[in-house]
Amino acid sequence: MRKSVARRAAVKAAIISSAVLLTPLFGAVPATAEPAPEQLRAEDLPPEFVQALSRDLQMTPTEYLDRSARAQQLQDYAAEFRAERPDVFAGAWMTPEGKPIVAVTSPDAAKVASADGYHTRLAPVSAAALETSLTQLNQWVADQPHDISQVINSIAIDFLNSQLVVNVANTPLAHMLNLPTLIANVKVVLGPGSGGPVERRPMGGDTYISAPGPLDDAELRSVDVCSFGFNSVDSAGNALNISAGHCNPNLDKGDERAAVYSPNVHNIPASPQLGTFVKSELGGAATLDYSVIQLNERAVGAGMDQPSVRGANGTTVNITGTADPVVGAPVCKSGQSSTFTCGFVVADRVETQLFTTEGEAKTIRGFASTACTLGGDSGGAIITGTLALGITSGSNAADAPDCGEANIALAQYGGTATLGIPIRAVLADIEATSGGGLGSGISVRTRQNAG
């Protein structure tokens, strides 16, 4: 969901159903919960961020930080529970009221989770069975002709209702779509079709622009706008930033390195360079959408080696750790177009196909949230509490001029939705493919760099 200054973005933004967070459930907060992950104090959050929490989530800073921490406690418990009982685990989530739920397929398993202090729900299908169905359905999509596969926007696992949610474009072809009948528990949701680009010049804050070659040789239509994500560092001390893979204009070319600039909106060729793409992934074995930008001295001197993400009016939030997506957890994101916006995780596993300008389909796996995200926000940071959660990949509001209009236009489709790429999966893939070189030992910055 990068934004081109004068041409359409090179990938089709993911359109995700946000209707998977449904009936409220009630249960006790677990008495055996682990201590909450380290967070900033509520009074340390900037006013613009607090305003976004109140506007989008109707939460105070204390409520937001507390619910984010309890979601991570639930994630840790669910991972251990599933490892011990893989055949009966059926998902875990937070209700709209912030209550932690563990779903299972047997009464005996429910007794275990209940004894540990969690409210439980009996489900007809295990998480493993839903994931197998997801794999089968994705394979079916991959085998279809391009004109059919491109109308399928995304496929998400809805643990709350023990089903897959397939979001398809609301087009005549999609209405004739014959989904495989051998895959049970499939719900089809119609989403809006893809519209045309909405052009705005890039703003300050966390904006960067890039082009296939030098800016003074590039035509204006070949300049793309994206957002910086999390500042990071590897074991060799290289200052890095993690952003979206599809933001690299040289992705899948012989030399993928492309320069990254801070935009000078009055004179694009004079934009100062901040770094260079050194690694980019879109799809592939890891099914991720991320890039690694090596920052130069100018960027480091400007403070991009610090543990902060930038949002409205240049204000920052300091990152204190990393986290996993949990359904029902509150999230907020920064981005050059929409600045700070907030929402809830509505699916912790979503798979969608992004299409390159050459028409090649790339399968991307991530999580869905209701936070509003606009064109140009690609690569921006998504956090839960003050923990790094993921980076923005796509949105159903990519072509909207602002979040106010997006909320109105998309209300009939369940509201705004954003596809995020989990940061822990990104870090693991960078480490695994580094070969001991640049990116080896990478971690998101969580401490101030005094140097």
# chains A, B, ... in the order shown; residues from 1 in each chain; ligands from 1
$ residues_around --residues "A:Ala103" --least-positions-apart "3" --cutoff "6 Å" --atoms "only C-alpha atoms" --output "compact mmCIF listing (two decimals) with all heavy atoms, in the first residue's frame"
# COMPACT_ATOMS: atom_id res chain seq x y z
N ALA A 90 -8.55 -24.59 20.06
CA ALA A 90 -9.37 -24.03 18.98
C ALA A 90 -9.29 -22.52 18.88
O ALA A 90 -10.12 -21.90 18.21
CB ALA A 90 -10.83 -24.46 19.17
N GLY A 91 -8.31 -21.91 19.55
CA GLY A 91 -8.14 -20.46 19.42
C GLY A 91 -8.21 -19.75 20.75
O GLY A 91 -8.63 -20.31 21.77
N ALA A 92 -7.78 -18.49 20.74
CA ALA A 92 -7.83 -17.65 21.95
C ALA A 92 -7.98 -16.20 21.51
O ALA A 92 -7.42 -15.80 20.49
CB ALA A 92 -6.56 -17.83 22.77
N THR A 120 -13.88 -20.18 29.00
CA THR A 120 -13.68 -21.09 27.87
C THR A 120 -14.90 -21.12 26.97
O THR A 120 -16.00 -20.73 27.36
CB THR A 120 -13.39 -22.52 28.37
OG1 THR A 120 -14.50 -22.99 29.13
CG2 THR A 120 -12.13 -22.54 29.22
N ARG A 121 -14.66 -21.61 25.76
CA ARG A 121 -15.76 -21.84 24.82
C ARG A 121 -15.49 -23.17 24.10
O ARG A 121 -14.37 -23.41 23.65
CB ARG A 121 -15.88 -20.73 23.80
CG ARG A 121 -16.92 -21.03 22.73
CD ARG A 121 -16.94 -20.02 21.62
NE ARG A 121 -17.69 -18.82 22.00
CZ ARG A 121 -17.98 -17.85 21.15
NH1 ARG A 121 -17.58 -17.92 19.89
NH2 ARG A 121 -18.65 -16.79 21.55
N LEU A 122 -16.53 -24.01 23.99
CA LEU A 122 -16.42 -25.25 23.23
C LEU A 122 -16.63 -24.95 21.76
O LEU A 122 -17.60 -24.28 21.38
CB LEU A 122 -17.45 -26.27 23.71
CG LEU A 122 -17.13 -26.99 25.03
CD1 LEU A 122 -18.28 -27.88 25.45
CD2 LEU A 122 -15.85 -27.81 24.89
$ atom_distance --atom1 "atom CA of A:Ala52" --atom2 "atom CA of A:Val233"
28.9 Å
$ closest_residue --among "A:Ala299, A:Ile382, A:Ile319, A:Ala368" --to "A:Gly229" --atoms "only C-alpha atoms"
A:Ile382
